[in-house]
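Have a look at upload21.cif; it's mmCIF, C-alpha atoms, pLDDT in the B column; chains and numbers go by the auth columns:
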data_input
#
loop_
_atom_site.group_PDB
_atom_site.id
_atom_site.type_symbol
_atom_site.label_atom_id
_atom_site.label_comp_id
_atom_site.label_asym_id
_atom_site.label_seq_id
_atom_site.Cartn_x
_atom_site.Cartn_y
_atom_site.Cartn_z
_atom_site.B_iso_or_equiv
_atom_site.auth_seq_id
_atom_site.auth_asym_id
ATOM 1 C CA MET A 1 0.000 0.000 0.000 47.00 1 V
ATOM 2 C CA THR A 2 1.539 3.282 -1.082 48.00 2 V
ATOM 3 C CA LYS A 3 1.126 6.236 1.251 53.00 3 V
ATOM 4 C CA THR A 4 1.404 9.797 0.090 54.00 4 V
ATOM 5 C CA ALA A 5 3.088 12.376 2.253 53.00 5 V
ATOM 6 C CA PRO A 6 0.760 14.602 4.287 53.00 6 V
ATOM 7 C CA PRO A 7 0.038 18.034 2.790 53.00 7 V
ATOM 8 C CA GLU A 8 2.570 20.776 3.508 53.00 8 V
ATOM 9 C CA GLY A 9 2.080 22.223 7.005 53.00 9 V
ATOM 10 C CA SER A 10 -0.213 19.473 8.328 59.00 10 V
ATOM 11 C CA PRO A 11 1.084 17.043 10.939 76.00 11 V
ATOM 12 C CA ASP A 12 1.979 13.489 10.007 90.00 12 V
ATOM 13 C CA TYR A 13 -0.423 11.666 12.332 91.00 13 V
ATOM 14 C CA ALA A 14 1.168 8.277 11.640 93.00 14 V
ATOM 15 C CA ALA A 15 4.521 9.687 12.771 93.00 15 V
ATOM 16 C CA LEU A 16 2.867 11.048 15.927 93.00 16 V
ATOM 17 C CA ILE A 17 1.452 7.609 16.747 93.00 17 V
ATOM 18 C CA GLN A 18 4.837 6.008 16.140 94.00 18 V
ATOM 19 C CA SER A 19 6.450 8.600 18.404 92.00 19 V
ATOM 20 C CA ILE A 20 3.946 7.699 21.125 92.00 20 V
ATOM 21 C CA ALA A 21 4.716 4.000 20.631 91.00 21 V
ATOM 22 C CA GLN A 22 8.482 4.399 20.697 94.00 22 V
ATOM 23 C CA ARG A 23 9.024 7.144 23.270 94.00 23 V
ATOM 24 C CA GLN A 24 5.681 7.688 25.021 93.00 24 V
ATOM 25 C CA ASP A 25 5.899 11.199 23.571 92.00 25 V
ATOM 26 C CA ARG A 26 3.367 13.286 25.511 93.00 26 V
ATOM 27 C CA GLN A 27 3.542 16.235 23.132 94.00 27 V
ATOM 28 C CA ALA A 28 2.813 13.957 20.176 93.00 28 V
ATOM 29 C CA PHE A 29 -0.167 12.578 22.091 93.00 29 V
ATOM 30 C CA ALA A 30 -1.365 16.106 22.949 94.00 30 V
ATOM 31 C CA ASP A 31 -1.223 17.055 19.254 94.00 31 V
ATOM 32 C CA LEU A 32 -3.033 13.873 18.246 94.00 32 V
ATOM 33 C CA PHE A 33 -5.615 14.378 20.993 94.00 33 V
ATOM 34 C CA ALA A 34 -6.262 17.997 20.019 94.00 34 V
ATOM 35 C CA HIS A 35 -6.956 16.947 16.449 94.00 35 V
ATOM 36 C CA PHE A 36 -8.854 13.662 16.859 95.00 36 V
ATOM 37 C CA ALA A 37 -10.779 13.854 20.167 95.00 37 V
ATOM 38 C CA PRO A 38 -13.245 16.514 18.917 95.00 38 V
ATOM 39 C CA ARG A 39 -13.666 14.660 15.619 96.00 39 V
ATOM 40 C CA VAL A 40 -14.328 11.336 17.339 94.00 40 V
ATOM 41 C CA LYS A 41 -16.845 13.018 19.652 94.00 41 V
ATOM 42 C CA ALA A 42 -18.602 14.681 16.690 94.00 42 V
ATOM 43 C CA TRP A 43 -18.716 11.341 14.871 93.00 43 V
ATOM 44 C CA MET A 44 -20.266 9.704 17.958 91.00 44 V
ATOM 45 C CA LEU A 45 -22.863 12.496 18.223 91.00 45 V
ATOM 46 C CA ARG A 46 -23.793 12.100 14.546 91.00 46 V
ATOM 47 C CA GLY A 47 -24.257 8.398 15.248 87.00 47 V
ATOM 48 C CA GLY A 48 -26.890 9.130 17.903 87.00 48 V
ATOM 49 C CA VAL A 49 -24.764 8.797 21.019 87.00 49 V
ATOM 50 C CA ASN A 50 -25.759 11.195 23.812 89.00 50 V
ATOM 51 C CA PRO A 51 -23.285 14.035 24.506 92.00 51 V
ATOM 52 C CA THR A 52 -21.974 12.642 27.805 92.00 52 V
ATOM 53 C CA ALA A 53 -21.398 9.177 26.370 91.00 53 V
ATOM 54 C CA ALA A 54 -19.854 10.685 23.220 92.00 54 V
ATOM 55 C CA GLU A 55 -17.358 12.593 25.368 94.00 55 V
ATOM 56 C CA GLU A 56 -16.531 9.463 27.372 93.00 56 V
ATOM 57 C CA LEU A 57 -16.121 7.357 24.237 93.00 57 V
ATOM 58 C CA ALA A 58 -13.839 9.970 22.677 94.00 58 V
ATOM 59 C CA GLN A 59 -11.729 9.939 25.849 94.00 59 V
ATOM 60 C CA GLU A 60 -11.639 6.125 25.875 94.00 60 V
ATOM 61 C CA THR A 61 -10.666 6.102 22.209 94.00 61 V
ATOM 62 C CA MET A 62 -7.741 8.413 22.772 94.00 62 V
ATOM 63 C CA LEU A 63 -6.682 6.462 25.859 93.00 63 V
ATOM 64 C CA SER A 64 -6.681 3.313 23.714 93.00 64 V
ATOM 65 C CA VAL A 65 -4.554 5.130 21.139 93.00 65 V
ATOM 66 C CA TRP A 66 -2.020 5.861 23.895 93.00 66 V
ATOM 67 C CA ARG A 67 -2.065 2.280 25.168 93.00 67 V
ATOM 68 C CA LYS A 68 -2.114 0.556 21.778 93.00 68 V
ATOM 69 C CA ALA A 69 0.162 2.863 19.794 92.00 69 V
ATOM 70 C CA HIS A 70 2.685 0.027 19.476 92.00 70 V
ATOM 71 C CA LEU A 71 0.067 -1.942 17.483 92.00 71 V
ATOM 72 C CA PHE A 72 -0.326 0.750 14.815 92.00 72 V
ATOM 73 C CA ASP A 73 0.991 -0.304 11.397 91.00 73 V
ATOM 74 C CA PRO A 74 1.096 2.547 8.867 90.00 74 V
ATOM 75 C CA GLU A 75 1.376 -0.023 6.066 91.00 75 V
ATOM 76 C CA ARG A 76 -2.042 -1.470 6.908 91.00 76 V
ATOM 77 C CA ALA A 77 -4.080 1.664 7.655 91.00 77 V
ATOM 78 C CA GLY A 78 -3.801 5.390 7.948 92.00 78 V
ATOM 79 C CA ALA A 79 -3.771 7.046 11.360 92.00 79 V
ATOM 80 C CA SER A 80 -7.296 8.379 10.967 93.00 80 V
ATOM 81 C CA THR A 81 -8.655 4.996 9.879 94.00 81 V
ATOM 82 C CA TRP A 82 -6.937 3.258 12.785 95.00 82 V
ATOM 83 C CA ILE A 83 -8.237 5.748 15.367 95.00 83 V
ATOM 84 C CA PHE A 84 -11.806 5.684 14.041 94.00 84 V
ATOM 85 C CA THR A 85 -11.733 1.875 14.005 94.00 85 V
ATOM 86 C CA ILE A 86 -10.883 1.954 17.707 94.00 86 V
ATOM 87 C CA ALA A 87 -13.753 4.421 18.259 94.00 87 V
ATOM 88 C CA ARG A 88 -16.160 2.250 16.263 94.00 88 V
ATOM 89 C CA ASN A 89 -15.240 -0.859 18.257 93.00 89 V
ATOM 90 C CA LEU A 90 -15.683 0.954 21.576 91.00 90 V
ATOM 91 C CA ARG A 91 -19.097 2.182 20.443 92.00 91 V
ATOM 92 C CA ILE A 92 -20.138 -1.347 19.460 89.00 92 V
ATOM 93 C CA ASP A 93 -19.011 -2.653 22.859 88.00 93 V
ATOM 94 C CA THR A 94 -21.053 0.063 24.583 84.00 94 V
ATOM 95 C CA VAL A 95 -24.180 -0.799 22.583 82.00 95 V
ATOM 96 C CA ARG A 96 -23.757 -4.477 23.460 84.00 96 V
ATOM 97 C CA ARG A 97 -23.467 -3.686 27.161 81.00 97 V
ATOM 98 C CA GLU A 98 -26.613 -1.532 26.983 79.00 98 V
ATOM 99 C CA ARG A 99 -28.557 -4.306 25.249 78.00 99 V
ATOM 100 C CA HIS A 100 -27.493 -6.924 27.779 67.00 100 V
ATOM 101 C CA PRO A 101 -27.371 -5.158 31.156 58.00 101 V
ATOM 102 C CA SER A 102 -28.034 -8.462 32.924 55.00 102 V
ATOM 103 C CA ASP A 103 -24.505 -9.509 31.955 52.00 103 V
ATOM 104 C CA LEU A 104 -23.217 -6.710 34.149 52.00 104 V
ATOM 105 C CA MET A 105 -25.459 -7.577 37.092 57.00 105 V
ATOM 106 C CA PRO A 106 -23.894 -9.777 39.753 61.00 106 V
ATOM 107 C CA ASP A 107 -24.953 -13.403 39.667 61.00 107 V
ATOM 108 C CA PRO A 108 -26.921 -14.126 42.865 62.00 108 V
ATOM 109 C CA SER A 109 -25.646 -17.716 42.855 63.00 109 V
ATOM 110 C CA GLU A 110 -22.116 -16.356 43.337 67.00 110 V
ATOM 111 C CA GLU A 111 -23.053 -14.485 46.501 69.00 111 V
ATOM 112 C CA PRO A 112 -22.337 -16.343 49.736 69.00 112 V
ATOM 113 C CA ASP A 113 -25.297 -17.720 51.633 66.00 113 V
ATOM 114 C CA ALA A 114 -26.344 -15.889 54.759 66.00 114 V
ATOM 115 C CA PRO A 115 -25.105 -17.657 57.869 70.00 115 V
ATOM 116 C CA VAL A 116 -27.657 -20.020 59.379 63.00 116 V
ATOM 117 C CA GLN A 117 -28.851 -18.890 62.797 80.00 117 V
ATOM 118 C CA ALA A 118 -28.427 -21.235 65.756 81.00 118 V
ATOM 119 C CA ASP A 119 -32.162 -21.726 66.382 80.00 119 V
ATOM 120 C CA ARG A 120 -32.665 -22.527 62.697 82.00 120 V
ATOM 121 C CA MET A 121 -29.847 -25.094 62.846 82.00 121 V
ATOM 122 C CA ILE A 122 -31.436 -26.751 65.883 86.00 122 V
ATOM 123 C CA ALA A 123 -34.819 -26.903 64.148 83.00 123 V
ATOM 124 C CA MET A 124 -33.234 -28.411 61.040 83.00 124 V
ATOM 125 C CA SER A 125 -31.407 -31.004 63.135 85.00 125 V
ATOM 126 C CA GLN A 126 -34.648 -31.959 64.892 86.00 126 V
ATOM 127 C CA GLN A 127 -36.450 -32.294 61.559 84.00 127 V
ATOM 128 C CA GLU A 128 -33.652 -34.471 60.207 84.00 128 V
ATOM 129 C CA THR A 129 -33.901 -36.734 63.278 86.00 129 V
ATOM 130 C CA ARG A 130 -37.674 -37.061 62.825 85.00 130 V
ATOM 131 C CA ILE A 131 -37.304 -37.869 59.126 82.00 131 V
ATOM 132 C CA ARG A 132 -34.621 -40.502 59.779 84.00 132 V
ATOM 133 C CA SER A 133 -36.833 -42.055 62.469 86.00 133 V
ATOM 134 C CA ALA A 134 -39.826 -42.146 60.114 85.00 134 V
ATOM 135 C CA LEU A 135 -37.696 -43.698 57.353 85.00 135 V
ATOM 136 C CA SER A 136 -36.518 -46.425 59.733 88.00 136 V
ATOM 137 C CA LEU A 137 -40.160 -47.441 60.328 89.00 137 V
ATOM 138 C CA LEU A 138 -40.690 -48.225 56.632 90.00 138 V
ATOM 139 C CA PRO A 139 -40.361 -51.782 55.343 93.00 139 V
ATOM 140 C CA PRO A 140 -36.897 -52.297 53.766 92.00 140 V
ATOM 141 C CA GLU A 141 -38.240 -52.526 50.181 93.00 141 V
ATOM 142 C CA GLN A 142 -40.031 -49.158 50.564 92.00 142 V
ATOM 143 C CA SER A 143 -37.136 -47.379 52.280 90.00 143 V
ATOM 144 C CA GLU A 144 -34.780 -48.617 49.547 92.00 144 V
ATOM 145 C CA VAL A 145 -37.012 -47.139 46.815 93.00 145 V
ATOM 146 C CA ILE A 146 -37.308 -43.843 48.746 89.00 146 V
ATOM 147 C CA ARG A 147 -33.538 -43.677 49.238 88.00 147 V
ATOM 148 C CA LYS A 148 -32.838 -44.257 45.539 90.00 148 V
ATOM 149 C CA ALA A 149 -35.528 -41.819 44.342 88.00 149 V
ATOM 150 C CA PHE A 150 -34.940 -38.944 46.756 83.00 150 V
ATOM 151 C CA PHE A 151 -31.405 -39.274 48.075 83.00 151 V
ATOM 152 C CA GLU A 152 -29.699 -40.659 44.972 85.00 152 V
ATOM 153 C CA ASP A 153 -31.903 -38.665 42.535 86.00 153 V
ATOM 154 C CA LYS A 154 -32.667 -41.681 40.373 89.00 154 V
ATOM 155 C CA VAL A 155 -35.620 -41.807 38.016 92.00 155 V
ATOM 156 C CA HIS A 156 -38.154 -44.605 38.277 92.00 156 V
ATOM 157 C CA ALA A 157 -36.742 -46.457 35.249 91.00 157 V
ATOM 158 C CA GLU A 158 -33.270 -46.554 36.835 91.00 158 V
ATOM 159 C CA ILE A 159 -34.699 -47.907 40.086 93.00 159 V
ATOM 160 C CA GLU A 160 -36.619 -50.540 38.089 93.00 160 V
ATOM 161 C CA LYS A 161 -33.408 -51.734 36.418 94.00 161 V
ATOM 162 C CA GLU A 162 -31.266 -51.635 39.573 92.00 162 V
ATOM 163 C CA LEU A 163 -33.729 -53.562 41.708 93.00 163 V
ATOM 164 C CA GLY A 164 -34.964 -55.831 38.915 95.00 164 V
ATOM 165 C CA ILE A 165 -38.624 -55.125 39.671 94.00 165 V
ATOM 166 C CA PRO A 166 -41.416 -53.877 37.384 94.00 166 V
ATOM 167 C CA LEU A 167 -41.947 -50.121 37.013 92.00 167 V
ATOM 168 C CA GLY A 168 -45.449 -50.407 38.487 94.00 168 V
ATOM 169 C CA THR A 169 -43.968 -51.979 41.626 95.00 169 V
ATOM 170 C CA VAL A 170 -41.469 -49.120 41.964 93.00 170 V
ATOM 171 C CA LYS A 171 -44.299 -46.591 41.733 94.00 171 V
ATOM 172 C CA SER A 172 -46.570 -48.414 44.182 94.00 172 V
ATOM 173 C CA ARG A 173 -43.746 -48.798 46.734 93.00 173 V
ATOM 174 C CA LEU A 174 -42.988 -45.085 46.444 91.00 174 V
ATOM 175 C CA ARG A 175 -46.663 -44.182 46.863 94.00 175 V
ATOM 176 C CA LEU A 176 -47.072 -46.430 49.902 94.00 176 V
ATOM 177 C CA ALA A 177 -43.828 -45.138 51.458 90.00 177 V
ATOM 178 C CA ILE A 178 -44.814 -41.495 50.939 89.00 178 V
ATOM 179 C CA THR A 179 -48.241 -42.142 52.463 92.00 179 V
ATOM 180 C CA ARG A 180 -46.619 -43.724 55.549 90.00 180 V
ATOM 181 C CA LEU A 181 -44.067 -40.901 55.848 87.00 181 V
ATOM 182 C CA ARG A 182 -46.824 -38.270 55.692 88.00 182 V
ATOM 183 C CA ALA A 183 -48.718 -40.039 58.450 87.00 183 V
ATOM 184 C CA ALA A 184 -45.582 -40.364 60.608 85.00 184 V
ATOM 185 C CA LEU A 185 -44.332 -36.811 60.066 83.00 185 V
ATOM 186 C CA GLY A 186 -47.669 -34.986 60.218 81.00 186 V
ATOM 187 C CA ASP A 187 -46.764 -31.280 60.376 73.00 187 V
ATOM 188 C CA LEU A 188 -43.505 -31.737 58.403 68.00 188 V
ATOM 189 C CA ALA A 189 -45.153 -33.491 55.446 58.00 189 V
#

What would the structure in this file look like if it were written as structure tokens?
Amino acid sequence: MTKTAPPEGSPDYAALIQSIAQRQDRQAFADLFAHFAPRVKAWMLRGGVNPTAAEELAQETMLSVWRKAHLFDPERAGASTWIFTIARNLRIDTVRRERHPSDLMPDPSEEPDAPVQADRMIAMSQQETRIRSALSLLPPEQSEVIRKAFFEDKVHAEIEKELGIPLGTVKSRLRLAITRLRAALGDLA
């Protein structure tokens, strides 16, 4: 790609970017900023971005120019094209975040559970004792089906295969066991 020299008296923006990349040249950045920041902001405004967001995006664009100056290749794109591509990408990212604000919301499953209060722990322990006692009163074939269905999370077909009994028998044992547990547990059922 053949580049022509910039017109007489106008700055060579590619050279300014390279100066930023090589020497972190603050004056080169100030010159680049003075020229491009207002143009990027105006471009954002023409694209329907509100004035505050346009200002922020222009600032972010120029900050990215400072940080990514070492990635600029004058053989692949002109300075203006490179800077406006950064601006365009930032704008697209902003639109995506606005469309999917739930992605920015904290996931409630990642928040730690509230500590269990002592009286609640005692009540839970008492309930567990009552449930274990009620389960021990069931005939072995019913307690086995309950254990597999509720404690091992197995579906009826899996229980049928494991125990070698018909599906109807699995279901009737579960129904009978649940009926007995409800009667034994009363208020917990």

**Report entry** Residue among V:Leu32, V:Leu138, V:Ala37, V:Glu160 lying closest to V:Leu181, counting only C-alpha atoms
**Finding:**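 Closest residue, counting only C-alpha atoms: V:Leu138.
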
Report task. Pick out the residues sitting within 9 Å of stretch 165-170 of chain V, and hand them over as a PyMOL selection string; count all atoms listed in the file, and ignore anything fewer than 4 positions along from it in its own chain. Result -> chain V and resi 142+145+156-157+159-161+174-175

Query raised in the report: Which residue gives the smallest distance to V:Arg173 among V:Ile20, V:Ile146, V:Ala69, V:Met124, with all atoms listed in the file counted?
Result: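 When distances to V:Arg173 are compared using all atoms listed in the file, the smallest one comes from V:Ile146.
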
What are the closest atom pairs, with distances in Å to one decimal, for each residue of stretch 67-147 of chain V lying within 12 Å of stretch 44-55 of chain V, using all atoms listed in the file, rows by chain and rising residue number, as a Markdown table?
| residue | atom | partner | partner_atom | distance |
| --- | --- | --- | --- | --- |
| V:Phe84 | CA | V:Met44 | CA | 10.2 |
| V:Ala87 | CA | V:Met44 | CA | 8.4 |
| V:Arg88 | CA | V:Met44 | CA | 8.7 |
| V:Asn89 | CA | V:Met44 | CA | 11.7 |
| V:Leu90 | CA | V:Met44 | CA | 10.5 |
| V:Arg91 | CA | V:Met44 | CA | 8.0 |
| V:Ile92 | CA | V:Met44 | CA | 11.2 |
| V:Thr94 | CA | V:Ala53 | CA | 9.3 |
| V:Val95 | CA | V:Val49 | CA | 9.7 |
| V:Glu98 | CA | V:Ala53 | CA | 11.9 |

Output for the residues just chosen: C-alpha atoms as a compact mmCIF listing (two decimals), in the frame of the given file:
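Just written: selection34.txt:
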# COMPACT_ATOMS: atom_id res chain seq x y z
CA PHE V 84 -11.81 5.68 14.04
CA ALA V 87 -13.75 4.42 18.26
CA ARG V 88 -16.16 2.25 16.26
CA ASN V 89 -15.24 -0.86 18.26
CA LEU V 90 -15.68 0.95 21.58
CA ARG V 91 -19.10 2.18 20.44
CA ILE V 92 -20.14 -1.35 19.46
CA THR V 94 -21.05 0.06 24.58
CA VAL V 95 -24.18 -0.80 22.58
CA GLU V 98 -26.61 -1.53 26.98

Requested in this report: Point out the residue among V:Ala15, V:Ala21, V:Ala28, V:Leu176 with the least atom-to-atom distance to V:Lys68, counting all atoms listed in the file.
Outcome: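 Once distances to V:Lys68 are computed over all atoms listed in the file, the minimum belongs to V:Ala21.
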
Report task. Would you work out the distance separating atom CA of V:Asp12 from atom CA of V:Trp66, expressed in Å to one decimal? Result ->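 According to the coordinates, atom CA of V:Asp12 and atom CA of V:Trp66 are separated by 16.3 Å.
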
Requested in this report: Please measure the separation of atom CA of V:Met62 and atom CA of V:Phe36, giving the value in Å to one decimal.
Outcome: 8.0 Å
